[in-house]
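Heads up, input.pdb below (PDB, C-alpha atoms, pLDDT in the B column):
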ATOM      1  CA  MET A 406     -10.043  -5.225 -16.785  1.00 75.00           C
ATOM      2  CA  THR A 407      -8.602  -3.763 -13.577  1.00 88.00           C
ATOM      3  CA  TYR A 408      -7.280  -0.202 -13.437  1.00 94.00           C
ATOM      4  CA  ALA A 409      -3.474  -0.527 -13.483  1.00 96.00           C
ATOM      5  CA  ILE A 410      -0.639   1.737 -12.390  1.00 97.00           C
ATOM      6  CA  GLY A 411       2.926   1.222 -13.607  1.00 97.00           C
ATOM      7  CA  LEU A 412       5.390   2.117 -10.853  1.00 97.00           C
ATOM      8  CA  THR A 413       8.990   2.723 -11.872  1.00 96.00           C
ATOM      9  CA  GLY A 414      12.181   4.503 -10.880  1.00 95.00           C
ATOM     10  CA  GLY A 415      15.924   4.162 -11.174  1.00 92.00           C
ATOM     11  CA  ILE A 416      17.950   1.710  -9.112  1.00 92.00           C
ATOM     12  CA  GLY A 417      17.986   2.801  -5.473  1.00 92.00           C
ATOM     13  CA  SER A 418      15.097   5.229  -5.886  1.00 93.00           C
ATOM     14  CA  GLY A 419      12.922   3.384  -3.373  1.00 92.00           C
ATOM     15  CA  LYS A 420      10.371   1.605  -5.562  1.00 94.00           C
ATOM     16  CA  THR A 421       9.896  -1.202  -3.040  1.00 93.00           C
ATOM     17  CA  THR A 422       9.369   1.241  -0.173  1.00 94.00           C
ATOM     18  CA  VAL A 423       6.635   3.036  -2.112  1.00 96.00           C
ATOM     19  CA  ALA A 424       5.061  -0.236  -3.314  1.00 97.00           C
ATOM     20  CA  ASN A 425       4.907  -1.462   0.292  1.00 96.00           C
ATOM     21  CA  LEU A 426       3.034   1.689   1.313  1.00 97.00           C
ATOM     22  CA  PHE A 427       0.417   0.996  -1.362  1.00 97.00           C
ATOM     23  CA  ALA A 428       0.281  -2.657  -0.288  1.00 97.00           C
ATOM     24  CA  ALA A 429      -0.566  -1.444   3.231  1.00 96.00           C
ATOM     25  CA  HIS A 430      -3.762  -0.005   1.687  1.00 96.00           C
ATOM     26  CA  GLY A 431      -4.628  -3.504   0.418  1.00 95.00           C
ATOM     27  CA  ILE A 432      -3.518  -2.859  -3.152  1.00 97.00           C
ATOM     28  CA  ALA A 433      -2.210  -5.827  -5.186  1.00 96.00           C
ATOM     29  CA  ILE A 434       1.460  -5.399  -6.131  1.00 97.00           C
ATOM     30  CA  ILE A 435       2.900  -7.313  -9.092  1.00 97.00           C
ATOM     31  CA  ASP A 436       6.694  -6.936  -9.038  1.00 96.00           C
ATOM     32  CA  THR A 437       8.450  -7.862 -12.282  1.00 94.00           C
ATOM     33  CA  ASP A 438      11.802  -8.160 -10.477  1.00 92.00           C
ATOM     34  CA  ALA A 439      10.319 -10.707  -8.076  1.00 94.00           C
ATOM     35  CA  ILE A 440       8.887 -12.617 -11.045  1.00 96.00           C
ATOM     36  CA  ALA A 441      12.296 -12.513 -12.774  1.00 95.00           C
ATOM     37  CA  HIS A 442      13.910 -13.948  -9.630  1.00 95.00           C
ATOM     38  CA  GLY A 443      11.269 -16.673  -9.497  1.00 96.00           C
ATOM     39  CA  ILE A 444      11.783 -17.855 -13.064  1.00 97.00           C
ATOM     40  CA  THR A 445      15.573 -17.938 -12.588  1.00 97.00           C
ATOM     41  CA  ALA A 446      15.474 -19.735  -9.215  1.00 97.00           C
ATOM     42  CA  PRO A 447      16.280 -23.472  -8.963  1.00 96.00           C
ATOM     43  CA  GLY A 448      13.724 -25.224 -11.183  1.00 94.00           C
ATOM     44  CA  GLY A 449      12.471 -21.875 -12.481  1.00 96.00           C
ATOM     45  CA  ALA A 450      10.700 -21.679 -15.835  1.00 96.00           C
ATOM     46  CA  ALA A 451      13.614 -19.898 -17.547  1.00 97.00           C
ATOM     47  CA  MET A 452      16.464 -22.083 -16.329  1.00 97.00           C
ATOM     48  CA  ALA A 453      16.372 -24.877 -18.930  1.00 96.00           C
ATOM     49  CA  ALA A 454      16.501 -22.354 -21.792  1.00 97.00           C
ATOM     50  CA  ILE A 455      19.226 -20.335 -20.038  1.00 97.00           C
ATOM     51  CA  ARG A 456      21.338 -23.467 -19.607  1.00 97.00           C
ATOM     52  CA  ARG A 457      20.825 -24.396 -23.300  1.00 96.00           C
ATOM     53  CA  THR A 458      21.622 -20.887 -24.517  1.00 96.00           C
ATOM     54  CA  PHE A 459      24.478 -19.853 -22.230  1.00 96.00           C
ATOM     55  CA  GLY A 460      25.867 -23.143 -20.891  1.00 95.00           C
ATOM     56  CA  ASP A 461      26.468 -24.617 -17.460  1.00 95.00           C
ATOM     57  CA  ASP A 462      28.852 -21.819 -16.477  1.00 95.00           C
ATOM     58  CA  PHE A 463      25.893 -19.505 -15.978  1.00 96.00           C
ATOM     59  CA  VAL A 464      24.024 -21.892 -13.687  1.00 96.00           C
ATOM     60  CA  ALA A 465      24.894 -21.870  -9.981  1.00 96.00           C
ATOM     61  CA  PRO A 466      25.442 -25.187  -8.115  1.00 95.00           C
ATOM     62  CA  ASP A 467      21.883 -25.014  -6.720  1.00 96.00           C
ATOM     63  CA  GLY A 468      20.408 -24.791 -10.242  1.00 95.00           C
ATOM     64  CA  SER A 469      19.615 -21.075 -10.121  1.00 97.00           C
ATOM     65  CA  LEU A 470      20.972 -18.394 -12.426  1.00 97.00           C
ATOM     66  CA  ASP A 471      24.505 -17.272 -11.574  1.00 96.00           C
ATOM     67  CA  ARG A 472      23.459 -13.623 -11.369  1.00 93.00           C
ATOM     68  CA  ALA A 473      26.894 -12.102 -10.910  1.00 90.00           C
ATOM     69  CA  ARG A 474      28.302 -13.906 -13.942  1.00 94.00           C
ATOM     70  CA  MET A 475      25.267 -13.121 -16.111  1.00 94.00           C
ATOM     71  CA  ARG A 476      25.307  -9.469 -15.041  1.00 89.00           C
ATOM     72  CA  GLU A 477      28.947  -9.237 -16.096  1.00 89.00           C
ATOM     73  CA  LEU A 478      28.180 -10.817 -19.482  1.00 93.00           C
ATOM     74  CA  VAL A 479      25.129  -8.747 -20.419  1.00 90.00           C
ATOM     75  CA  PHE A 480      26.836  -5.513 -19.405  1.00 85.00           C
ATOM     76  CA  ALA A 481      29.630  -6.234 -21.847  1.00 85.00           C
ATOM     77  CA  ASP A 482      27.607  -7.895 -24.637  1.00 91.00           C
ATOM     78  CA  ASP A 483      24.377  -6.449 -26.042  1.00 89.00           C
ATOM     79  CA  ASP A 484      23.738  -9.604 -28.063  1.00 95.00           C
ATOM     80  CA  ALA A 485      23.861 -11.726 -24.893  1.00 94.00           C
ATOM     81  CA  LYS A 486      21.505  -9.268 -23.219  1.00 92.00           C
ATOM     82  CA  ALA A 487      19.041  -9.624 -26.111  1.00 92.00           C
ATOM     83  CA  ARG A 488      19.246 -13.430 -25.945  1.00 96.00           C
ATOM     84  CA  LEU A 489      18.592 -13.414 -22.202  1.00 95.00           C
ATOM     85  CA  GLU A 490      15.642 -11.051 -22.601  1.00 93.00           C
ATOM     86  CA  ALA A 491      14.206 -13.226 -25.387  1.00 94.00           C
ATOM     87  CA  ILE A 492      14.006 -16.017 -22.806  1.00 96.00           C
ATOM     88  CA  THR A 493      12.868 -14.073 -19.758  1.00 95.00           C
ATOM     89  CA  HIS A 494      10.587 -11.308 -21.062  1.00 92.00           C
ATOM     90  CA  PRO A 495       7.816 -13.530 -22.501  1.00 93.00           C
ATOM     91  CA  LEU A 496       7.771 -15.567 -19.276  1.00 95.00           C
ATOM     92  CA  ILE A 497       7.606 -12.420 -17.154  1.00 94.00           C
ATOM     93  CA  ARG A 498       4.790 -11.026 -19.291  1.00 92.00           C
ATOM     94  CA  THR A 499       2.769 -14.253 -19.009  1.00 94.00           C
ATOM     95  CA  GLU A 500       3.218 -14.339 -15.243  1.00 94.00           C
ATOM     96  CA  CYS A 501       2.244 -10.637 -14.963  1.00 94.00           C
ATOM     97  CA  GLU A 502      -0.961 -11.325 -16.889  1.00 93.00           C
ATOM     98  CA  ARG A 503      -1.749 -14.351 -14.742  1.00 95.00           C
ATOM     99  CA  ALA A 504      -1.160 -12.407 -11.514  1.00 94.00           C
ATOM    100  CA  ALA A 505      -3.229  -9.463 -12.778  1.00 94.00           C
ATOM    101  CA  ALA A 506      -6.146 -11.767 -13.632  1.00 93.00           C
ATOM    102  CA  GLN A 507      -6.100 -13.095 -10.066  1.00 93.00           C
ATOM    103  CA  ALA A 508      -5.576  -9.736  -8.342  1.00 92.00           C
ATOM    104  CA  GLU A 509      -8.353  -8.391  -6.163  1.00 91.00           C
ATOM    105  CA  GLY A 510      -9.004  -4.795  -5.195  1.00 91.00           C
ATOM    106  CA  PRO A 511      -9.992  -1.514  -6.851  1.00 93.00           C
ATOM    107  CA  TYR A 512      -6.729  -1.180  -8.795  1.00 96.00           C
ATOM    108  CA  LEU A 513      -3.337  -2.871  -9.026  1.00 96.00           C
ATOM    109  CA  ILE A 514       0.263  -1.768  -9.323  1.00 97.00           C
ATOM    110  CA  PHE A 515       2.917  -3.258 -11.583  1.00 97.00           C
ATOM    111  CA  VAL A 516       6.421  -2.501 -10.274  1.00 97.00           C
ATOM    112  CA  VAL A 517       8.601  -2.352 -13.395  1.00 95.00           C
ATOM    113  CA  PRO A 518      12.193  -1.090 -12.980  1.00 91.00           C
ATOM    114  CA  LEU A 519      12.707  -0.880 -16.767  1.00 88.00           C
ATOM    115  CA  LEU A 520       9.230   0.402 -17.627  1.00 92.00           C
ATOM    116  CA  VAL A 521      10.544   3.345 -19.658  1.00 91.00           C
ATOM    117  CA  GLU A 522      13.207   1.252 -21.415  1.00 85.00           C
ATOM    118  CA  SER A 523      10.858  -1.599 -22.399  1.00 81.00           C
ATOM    119  CA  GLY A 524       8.570   0.597 -24.474  1.00 76.00           C
ATOM    120  CA  THR A 525       5.602  -1.793 -24.133  1.00 83.00           C
ATOM    121  CA  TRP A 526       4.252  -0.824 -20.738  1.00 88.00           C
ATOM    122  CA  ARG A 527       2.750   2.540 -21.686  1.00 86.00           C
ATOM    123  CA  GLU A 528      -0.118   0.727 -23.451  1.00 88.00           C
ATOM    124  CA  ARG A 529      -0.566  -1.783 -20.636  1.00 90.00           C
ATOM    125  CA  VAL A 530      -1.209   0.625 -17.746  1.00 95.00           C
ATOM    126  CA  GLN A 531      -3.519   3.576 -17.231  1.00 95.00           C
ATOM    127  CA  ARG A 532      -0.992   5.724 -15.357  1.00 96.00           C
ATOM    128  CA  ILE A 533       2.751   5.813 -14.753  1.00 96.00           C
ATOM    129  CA  LEU A 534       4.035   6.637 -11.273  1.00 98.00           C
ATOM    130  CA  VAL A 535       7.727   7.505 -11.000  1.00 97.00           C
ATOM    131  CA  VAL A 536       9.617   7.260  -7.715  1.00 96.00           C
ATOM    132  CA  ASP A 537      12.226   9.985  -7.951  1.00 95.00           C
ATOM    133  CA  CYS A 538      15.282  11.110  -6.004  1.00 92.00           C
ATOM    134  CA  PRO A 539      18.593  12.817  -6.825  1.00 92.00           C
ATOM    135  CA  GLU A 540      21.113  10.586  -8.573  1.00 92.00           C
ATOM    136  CA  GLU A 541      23.617  11.003  -5.744  1.00 93.00           C
ATOM    137  CA  THR A 542      21.017   9.580  -3.346  1.00 93.00           C
ATOM    138  CA  GLN A 543      20.557   6.558  -5.644  1.00 93.00           C
ATOM    139  CA  ILE A 544      24.306   5.925  -5.727  1.00 94.00           C
ATOM    140  CA  THR A 545      24.682   6.155  -1.927  1.00 94.00           C
ATOM    141  CA  ARG A 546      21.732   3.808  -1.314  1.00 93.00           C
ATOM    142  CA  VAL A 547      22.850   1.133  -3.783  1.00 93.00           C
ATOM    143  CA  MET A 548      26.458   1.186  -2.561  1.00 94.00           C
ATOM    144  CA  ALA A 549      25.195   0.626   0.999  1.00 93.00           C
ATOM    145  CA  ARG A 550      22.542  -1.967   0.082  1.00 91.00           C
ATOM    146  CA  ASN A 551      24.364  -4.070  -2.537  1.00 88.00           C
ATOM    147  CA  HIS A 552      27.962  -3.406  -1.486  1.00 89.00           C
ATOM    148  CA  PHE A 553      28.717  -2.267  -5.037  1.00 90.00           C
ATOM    149  CA  SER A 554      31.485   0.199  -5.856  1.00 92.00           C
ATOM    150  CA  ARG A 555      30.529   3.653  -7.075  1.00 94.00           C
ATOM    151  CA  ASP A 556      31.690   2.693 -10.580  1.00 92.00           C
ATOM    152  CA  GLN A 557      29.468  -0.410 -10.562  1.00 88.00           C
ATOM    153  CA  VAL A 558      26.434   1.669  -9.611  1.00 91.00           C
ATOM    154  CA  LEU A 559      27.206   4.281 -12.257  1.00 91.00           C
ATOM    155  CA  ALA A 560      27.527   1.515 -14.864  1.00 87.00           C
ATOM    156  CA  ILE A 561      24.071   0.185 -13.950  1.00 87.00           C
ATOM    157  CA  MET A 562      22.568   3.679 -14.048  1.00 90.00           C
ATOM    158  CA  ALA A 563      24.144   4.290 -17.459  1.00 88.00           C
ATOM    159  CA  ARG A 564      22.170   1.319 -18.833  1.00 84.00           C
ATOM    160  CA  GLN A 565      18.876   2.642 -17.442  1.00 88.00           C
ATOM    161  CA  ALA A 566      16.713   5.486 -18.696  1.00 91.00           C
ATOM    162  CA  THR A 567      17.807   8.885 -17.427  1.00 91.00           C
ATOM    163  CA  ARG A 568      16.000  10.643 -14.623  1.00 91.00           C
ATOM    164  CA  ALA A 569      14.707  13.178 -17.165  1.00 93.00           C
ATOM    165  CA  GLN A 570      13.356  10.428 -19.461  1.00 93.00           C
ATOM    166  CA  ARG A 571      11.431   8.840 -16.593  1.00 94.00           C
ATOM    167  CA  LEU A 572      10.005  12.144 -15.402  1.00 94.00           C
ATOM    168  CA  ALA A 573       8.942  13.010 -18.957  1.00 94.00           C
ATOM    169  CA  LEU A 574       6.728   9.885 -19.030  1.00 93.00           C
ATOM    170  CA  ALA A 575       5.358  10.282 -15.499  1.00 95.00           C
ATOM    171  CA  ASP A 576       1.702  10.967 -14.785  1.00 97.00           C
ATOM    172  CA  ASP A 577       2.560  11.127 -11.084  1.00 97.00           C
ATOM    173  CA  VAL A 578       5.811  11.543  -9.166  1.00 96.00           C
ATOM    174  CA  VAL A 579       6.739  10.536  -5.622  1.00 95.00           C
ATOM    175  CA  ASP A 580       9.765  12.354  -4.221  1.00 92.00           C
ATOM    176  CA  ASN A 581      11.656   9.773  -2.171  1.00 91.00           C
ATOM    177  CA  ASP A 582      14.340  12.120  -0.914  1.00 86.00           C
ATOM    178  CA  THR A 583      12.080  13.259   1.923  1.00 75.00           C
ATOM    179  CA  GLN A 584      11.213  12.078   5.433  1.00 79.00           C
ATOM    180  CA  HIS A 585       9.224   8.842   5.643  1.00 82.00           C
ATOM    181  CA  ALA A 586       6.173  10.691   7.020  1.00 88.00           C
ATOM    182  CA  ALA A 587       6.077  12.930   3.936  1.00 89.00           C
ATOM    183  CA  LEU A 588       6.432   9.875   1.684  1.00 91.00           C
ATOM    184  CA  THR A 589       3.556   8.110   3.462  1.00 94.00           C
ATOM    185  CA  SER A 590       1.376  11.199   3.168  1.00 94.00           C
ATOM    186  CA  ARG A 591       2.073  11.478  -0.581  1.00 95.00           C
ATOM    187  CA  VAL A 592       1.175   7.802  -1.111  1.00 96.00           C
ATOM    188  CA  ASP A 593      -2.015   8.258   0.926  1.00 97.00           C
ATOM    189  CA  ARG A 594      -3.051  11.141  -1.345  1.00 96.00           C
ATOM    190  CA  LEU A 595      -2.230   9.189  -4.505  1.00 97.00           C
ATOM    191  CA  HIS A 596      -4.153   6.173  -3.206  1.00 97.00           C
ATOM    192  CA  ALA A 597      -7.257   8.334  -2.724  1.00 97.00           C
ATOM    193  CA  GLU A 598      -6.826   9.734  -6.244  1.00 97.00           C
ATOM    194  CA  TYR A 599      -6.351   6.271  -7.767  1.00 97.00           C
ATOM    195  CA  LEU A 600      -9.483   4.992  -6.017  1.00 96.00           C
ATOM    196  CA  LYS A 601     -11.472   7.763  -7.727  1.00 96.00           C
ATOM    197  CA  LEU A 602      -9.887   7.108 -11.123  1.00 95.00           C
ATOM    198  CA  ALA A 603     -10.422   3.355 -10.804  1.00 94.00           C
ATOM    199  CA  GLY A 604     -14.083   3.965  -9.949  1.00 92.00           C
ATOM    200  CA  GLN A 605     -14.527   6.122 -13.045  1.00 90.00           C
ATOM    201  CA  PHE A 606     -12.645   3.553 -15.142  1.00 87.00           C
ATOM    202  CA  GLY A 607     -14.916   0.748 -13.952  1.00 71.00           C
ATOM    203  CA  ALA A 608     -18.010   2.808 -14.705  1.00 61.00           C
ATOM    204  CA  HIS A 609     -17.224   3.037 -18.434  1.00 54.00           C
TER
END

Same coordinates, now as structure tokens:
Amino acid sequence: MTYAIGLTGGIGSGKTTVANLFAAHGIAIIDTDAIAHGITAPGGAAMAAIRRTFGDDFVAPDGSLDRARMRELVFADDDAKARLEAITHPLIRTECERAAAQAEGPYLIFVVPLLVESGTWRERVQRILVVDCPEETQITRVMARNHFSRDQVLAIMARQATRAQRLALADDVVDNDTQHAALTSRVDRLHAEYLKLAGQFGAH
């Protein structure tokens, strides 16, 4: 079993930026969002069940998930959200396990936006790393990146764990409201620490 870190943070916190810095050290990154996009792409493993459960209206002309329409539905309907997750979560978990079994290197990182909310990841990783920044920074970044309105971003954040809830679960925190050089330096230090911990873990 490989030493595993769970990396999380709110929308717009900079999870991908931090993951890429670890990847530059040769660390395997398993991104649950990327897996979710893969299984809901044209011909993706989740699409037949999504079409059966939600109908053709939620399938785009190319055969992929109509993300905008599904986002609107699950925000308004908790039952629909649960039905979607019943389809996607087992597939994501299976793909995570497959990718982890194939990963090489001293340790690996799972990037899990909803790590705190899911409740199952705490037992699956050895440490939790939270990418943190002020909420106003998150809002500004997501509005610029996704062209969402402020209200849309606030609605997404309201469905996620709070900043305090994430920080309460964190073993390590990366402040991503700083200059890139400071961020790189923090990741370098964490990488050195994780190498030591992974070595001790493997020695047991």

Let me have the centre and edge lengths of the axis-aligned box enclosing all listed atoms of stretch 506-518 of chain A with 6 Å padding on every side, in Å to one decimal, as JSON.
{"center_x": 1.1, "center_y": -7.1, "center_z": -9.4, "size_x": 34.2, "size_y": 24.0, "size_z": 20.4}

Enter the distance from atom CA of A:Phe553 to atom CA of A:Cys538, in Å, rounded to one decimal.
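One can read the atom CA of A:Phe553 to atom CA of A:Cys538 distance as 19.0 Å.
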
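From atom CA of A:Ile455 back to atom CA of A:Ala485, the distance works out to 10.9 Å.
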
Evaluate the PyMOL selection byres ((chain A and resi 557) around 12) and report residues as a ChimeraX atom specification:
/A:416,473,476-477,480,544-545,547-548,551-556,558-564

Evaluated on this file, the PyMOL selection byres ((chain A and resi 429-433) around 12) picks out some residues - which ones are they, written as a PyMOL selection string?
chain A and resi 407-410+422-428+434-436+501+504-516+589+592-597+599-600

Which residues, named as in the file, does the PyMOL selection byres ((chain A and resi 571) around 10) pick out? Answer as a compact mmCIF listing (two decimals) with C-alpha atoms, keeping the file's coordinate frame.
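Below is the file result-v4.txt, written as the result:
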# COMPACT_ATOMS: atom_id res chain seq x y z
CA THR A 413 8.99 2.72 -11.87
CA GLY A 414 12.18 4.50 -10.88
CA GLY A 415 15.92 4.16 -11.17
CA LEU A 519 12.71 -0.88 -16.77
CA LEU A 520 9.23 0.40 -17.63
CA VAL A 521 10.54 3.34 -19.66
CA GLU A 522 13.21 1.25 -21.42
CA ILE A 533 2.75 5.81 -14.75
CA LEU A 534 4.04 6.64 -11.27
CA VAL A 535 7.73 7.50 -11.00
CA VAL A 536 9.62 7.26 -7.72
CA ASP A 537 12.23 9.98 -7.95
CA GLN A 565 18.88 2.64 -17.44
CA ALA A 566 16.71 5.49 -18.70
CA THR A 567 17.81 8.88 -17.43
CA ARG A 568 16.00 10.64 -14.62
CA ALA A 569 14.71 13.18 -17.16
CA GLN A 570 13.36 10.43 -19.46
CA LEU A 572 10.01 12.14 -15.40
CA ALA A 573 8.94 13.01 -18.96
CA LEU A 574 6.73 9.88 -19.03
CA ALA A 575 5.36 10.28 -15.50
CA VAL A 578 5.81 11.54 -9.17

Ranking A:Val479, A:Asn581, A:Ala451, A:Glu598 by minimum distance to A:Arg532 and counting all atoms listed in the file, which one comes first?
A:Glu598

What is the atom CA of A:Asp580-atom CA of A:Gly411 distance in Å, reported with one decimal?
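Taking atom CA of A:Asp580 and atom CA of A:Gly411, their separation equals 16.1 Å.
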
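Closest approach to A:Pro518 among A:Gly607, A:Glu541, A:Arg457, A:Ala439 is made by A:Ala439 (distances from only C-alpha atoms).
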
Residue nearest A:Gln531 - candidates A:Arg456, A:Gly449, A:Gly468, A:Asp576, atoms counted: only C-alpha atoms
A:Asp576

May I have the residues at most 12 Å from (13.8, -15.6, -9.1) in the file's coordinates, counting all atoms listed in the file, as a PyMOL selection string?
chain A and resi 436-452+468-472+493+496-497

Nearest residue to A:Leu588 from the set A:Glu502, A:Gly419, A:Leu412, A:Glu540 (distances using all atoms listed in the file)
A:Gly419
